[in-house]
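Listing of my_file_28.pdb; format and content: PDB, C-alpha atoms.
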```pdb
ATOM      1  CA  MET A   1     116.463 103.851 111.471  1.00  0.00           C
ATOM      2  CA  ALA A   2     114.585 101.222 109.473  1.00  0.00           C
ATOM      3  CA  ARG A   3     111.401  99.844 111.013  1.00  0.00           C
ATOM      4  CA  SER A   4     111.068  96.087 111.257  1.00  0.00           C
ATOM      5  CA  LYS A   5     107.486  95.627 110.061  1.00  0.00           C
ATOM      6  CA  ILE A   6     104.312  97.125 108.677  1.00  0.00           C
ATOM      7  CA  VAL A   7     101.020  96.404 110.415  1.00  0.00           C
ATOM      8  CA  TRP A   8      97.634  97.179 108.881  1.00  0.00           C
ATOM      9  CA  SER A   9      94.772  98.313 111.105  1.00  0.00           C
ATOM     10  CA  SER A  10      91.433  96.521 110.854  1.00  0.00           C
ATOM     11  CA  LEU A  11      89.949  99.600 109.173  1.00  0.00           C
ATOM     12  CA  ALA A  12      92.725  99.765 106.569  1.00  0.00           C
ATOM     13  CA  GLU A  13      92.374  96.047 105.810  1.00  0.00           C
ATOM     14  CA  ILE A  14      88.616  96.438 105.281  1.00  0.00           C
ATOM     15  CA  GLU A  15      89.131  99.484 103.045  1.00  0.00           C
ATOM     16  CA  LEU A  16      91.720  97.629 100.962  1.00  0.00           C
ATOM     17  CA  ARG A  17      89.500  94.569 100.629  1.00  0.00           C
ATOM     18  CA  ASP A  18      86.590  96.754  99.513  1.00  0.00           C
ATOM     19  CA  VAL A  19      88.769  98.497  96.920  1.00  0.00           C
ATOM     20  CA  LEU A  20      90.077  95.227  95.511  1.00  0.00           C
ATOM     21  CA  GLU A  21      86.582  93.724  95.348  1.00  0.00           C
ATOM     22  CA  PHE A  22      85.236  96.857  93.653  1.00  0.00           C
ATOM     23  CA  TRP A  23      87.817  96.668  90.858  1.00  0.00           C
ATOM     24  CA  VAL A  24      87.280  92.939  90.321  1.00  0.00           C
ATOM     25  CA  LYS A  25      83.537  93.512  89.894  1.00  0.00           C
ATOM     26  CA  LYS A  26      83.932  96.662  87.782  1.00  0.00           C
ATOM     27  CA  ASN A  27      86.467  95.136  85.379  1.00  0.00           C
ATOM     28  CA  ASN A  28      85.305  91.502  85.486  1.00  0.00           C
ATOM     29  CA  SER A  29      88.962  90.782  86.103  1.00  0.00           C
ATOM     30  CA  ALA A  30      91.399  90.708  88.998  1.00  0.00           C
ATOM     31  CA  GLU A  31      94.252  92.268  87.009  1.00  0.00           C
ATOM     32  CA  PHE A  32      93.884  95.839  88.292  1.00  0.00           C
ATOM     33  CA  SER A  33      93.446  94.580  91.854  1.00  0.00           C
ATOM     34  CA  LYS A  34      96.650  92.557  91.488  1.00  0.00           C
ATOM     35  CA  LYS A  35      98.416  95.686  90.234  1.00  0.00           C
ATOM     36  CA  ILE A  36      97.258  97.629  93.302  1.00  0.00           C
ATOM     37  CA  VAL A  37      98.559  94.877  95.592  1.00  0.00           C
ATOM     38  CA  ARG A  38     101.923  94.867  93.769  1.00  0.00           C
ATOM     39  CA  LEU A  39     102.206  98.648  94.119  1.00  0.00           C
ATOM     40  CA  ILE A  40     101.343  98.447  97.820  1.00  0.00           C
ATOM     41  CA  LYS A  41     104.014  95.804  98.412  1.00  0.00           C
ATOM     42  CA  GLN A  42     106.584  97.942  96.597  1.00  0.00           C
ATOM     43  CA  ARG A  43     105.629 100.977  98.666  1.00  0.00           C
ATOM     44  CA  GLU A  44     105.777  98.977 101.896  1.00  0.00           C
ATOM     45  CA  GLY A  45     109.353  97.993 101.065  1.00  0.00           C
ATOM     46  CA  LEU A  46     110.220 101.617 100.454  1.00  0.00           C
ATOM     47  CA  LEU A  47     108.520 102.751 103.678  1.00  0.00           C
ATOM     48  CA  LEU A  48     110.428 100.226 105.778  1.00  0.00           C
ATOM     49  CA  ASN A  49     113.687 101.830 104.666  1.00  0.00           C
ATOM     50  CA  TYR A  50     112.498 105.431 104.262  1.00  0.00           C
ATOM     51  CA  PRO A  51     109.498 105.912 106.567  1.00  0.00           C
ATOM     52  CA  PHE A  52     109.505 109.714 106.256  1.00  0.00           C
ATOM     53  CA  ILE A  53     109.063 109.653 102.474  1.00  0.00           C
ATOM     54  CA  GLY A  54     105.301 110.238 102.776  1.00  0.00           C
ATOM     55  CA  LYS A  55     103.715 113.661 103.050  1.00  0.00           C
ATOM     56  CA  PRO A  56     103.233 114.807 106.667  1.00  0.00           C
ATOM     57  CA  THR A  57      99.689 115.322 107.958  1.00  0.00           C
ATOM     58  CA  LYS A  58      98.370 117.554 110.733  1.00  0.00           C
ATOM     59  CA  ILE A  59      98.768 114.631 113.134  1.00  0.00           C
ATOM     60  CA  GLU A  60     102.198 114.013 114.635  1.00  0.00           C
ATOM     61  CA  ASN A  61     104.007 110.965 113.180  1.00  0.00           C
ATOM     62  CA  VAL A  62     101.209 110.347 110.659  1.00  0.00           C
ATOM     63  CA  ARG A  63     101.997 110.580 106.952  1.00  0.00           C
ATOM     64  CA  GLY A  64     100.407 109.699 103.649  1.00  0.00           C
ATOM     65  CA  THR A  65     101.653 108.314 100.367  1.00  0.00           C
ATOM     66  CA  LEU A  66      99.706 108.090  97.110  1.00  0.00           C
ATOM     67  CA  ILE A  67      99.187 104.761  95.344  1.00  0.00           C
ATOM     68  CA  VAL A  68      97.126 105.106  92.149  1.00  0.00           C
ATOM     69  CA  TYR A  69      93.886 106.793  93.409  1.00  0.00           C
ATOM     70  CA  TYR A  70      94.463 105.868  97.027  1.00  0.00           C
ATOM     71  CA  LEU A  71      96.163 107.526  99.951  1.00  0.00           C
ATOM     72  CA  LEU A  72      97.907 105.079 102.246  1.00  0.00           C
ATOM     73  CA  ILE A  73      97.836 106.827 105.637  1.00  0.00           C
ATOM     74  CA  TYR A  74     100.382 105.508 108.112  1.00  0.00           C
ATOM     75  CA  LYS A  75     101.786 106.216 111.558  1.00  0.00           C
ATOM     76  CA  ILE A  76     105.466 105.878 112.358  1.00  0.00           C
ATOM     77  CA  THR A  77     106.430 104.386 115.716  1.00  0.00           C
ATOM     78  CA  ASN A  78     109.828 103.264 117.010  1.00  0.00           C
ATOM     79  CA  GLU A  79     109.149  99.608 116.234  1.00  0.00           C
ATOM     80  CA  ARG A  80     106.871  99.619 113.210  1.00  0.00           C
ATOM     81  CA  ILE A  81     104.754 101.419 110.669  1.00  0.00           C
ATOM     82  CA  GLU A  82     101.009 101.205 111.254  1.00  0.00           C
ATOM     83  CA  VAL A  83      98.746 101.618 108.223  1.00  0.00           C
ATOM     84  CA  LEU A  84      95.714 103.506 109.496  1.00  0.00           C
ATOM     85  CA  SER A  85      93.673 103.912 106.314  1.00  0.00           C
ATOM     86  CA  PHE A  86      93.636 103.166 102.592  1.00  0.00           C
ATOM     87  CA  PHE A  87      91.599 106.158 101.442  1.00  0.00           C
ATOM     88  CA  ASP A  88      90.126 106.758  97.981  1.00  0.00           C
ATOM     89  CA  THR A  89      91.224 110.303  97.097  1.00  0.00           C
ATOM     90  CA  ARG A  90      88.137 110.767  94.919  1.00  0.00           C
ATOM     91  CA  GLN A  91      85.965 110.807  98.054  1.00  0.00           C
ATOM     92  CA  ASN A  92      85.057 113.813 100.161  1.00  0.00           C
ATOM     93  CA  PRO A  93      88.203 114.602 102.220  1.00  0.00           C
ATOM     94  CA  ASP A  94      86.055 115.227 105.308  1.00  0.00           C
ATOM     95  CA  ARG A  95      85.489 111.473 105.447  1.00  0.00           C
ATOM     96  CA  LEU A  96      89.218 110.967 105.977  1.00  0.00           C
ATOM     97  CA  GLU A  97      89.354 113.336 108.944  1.00  0.00           C
ATOM     98  CA  ASN A  98      86.625 111.317 110.658  1.00  0.00           C
ATOM     99  CA  LYS A  99      88.813 108.192 110.448  1.00  0.00           C
ATOM    100  CA  MET A 100      91.985 109.645 111.933  1.00  0.00           C
ATOM    101  CA  PRO A 101      92.887 109.158 115.617  1.00  0.00           C
TER     102      PRO A 101
END
```
Structure rendered as structure tokens:
Amino acid sequence: MARSKIVWSSLAEIELRDVLEFWVKKNNSAEFSKKIVRLIKQREGLLLNYPFIGKPTKIENVRGTLIVYYLLIYKITNERIEVLSFFDTRQNPDRLENKMP
């Protein structure tokens, strides 16, 4: 069953904003940040139709899908997909566990 919408948590929105700002400053250009946003939008479209495409985690109904260097962690509910975190995979993985419900 296809979900009707994707909702980003406050934490995930902050993480995404920080990532996009980092790449703008690092590259003196917004091009890579725009690419990340495009890839996220493409993945969101895929997740709406195929929510179980991501790799399962230890937490029930929570999955992850890789976008460039980032793991988009999401929870599947009956009505929607909730993005819980946009995690940089180059960080210590223990930091991710501290963010999960």
Between CA of Val24 (chain A) and CA of Ile40 (chain A), what is the spacing in Å? 16.9 Å
Evaluate the PyMOL selection byres ((chain A and resi 46-51) around 8) on the structure here and hand back the selected residues as a compact mmCIF listing (two decimals) with C-alpha atoms, keeping the file's coordinate frame.
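Saved result, expr15.txt, follows:
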```
# COMPACT_ATOMS: atom_id res chain seq x y z
CA MET A 1 116.46 103.85 111.47
CA ALA A 2 114.58 101.22 109.47
CA ARG A 3 111.40 99.84 111.01
CA SER A 4 111.07 96.09 111.26
CA LYS A 5 107.49 95.63 110.06
CA ILE A 6 104.31 97.12 108.68
CA GLN A 42 106.58 97.94 96.60
CA ARG A 43 105.63 100.98 98.67
CA GLU A 44 105.78 98.98 101.90
CA GLY A 45 109.35 97.99 101.06
CA PHE A 52 109.50 109.71 106.26
CA ILE A 53 109.06 109.65 102.47
CA GLY A 54 105.30 110.24 102.78
CA ILE A 76 105.47 105.88 112.36
CA ILE A 81 104.75 101.42 110.67
```
Residue members of the PyMOL selection byres ((chain A and resi 84) around 12) in the file shown, as a PyMOL selection string: chain A and resi 6-16+61-65+71-76+81-83+85-87+96-97+99-101
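Minimum atom-to-atom distance to Val37 (chain A), evaluated using all atoms listed in the file, belongs to A:Ile67 out of A:Ile67, A:Asn78, A:Phe22, A:Lys55.
The space between CA of Val68 (chain A) and CA of Asp88 (chain A) spans 9.3 Å.
Coordinates place CA of Tyr70 (chain A) at a distance of 16.9 Å from CA of Glu31 (chain A).
Shortest atom-to-atom contact with Arg17 (chain A) among A:Thr57, A:Leu66, A:Lys41, A:Ser33: A:Ser33, counting only C-alpha atoms.
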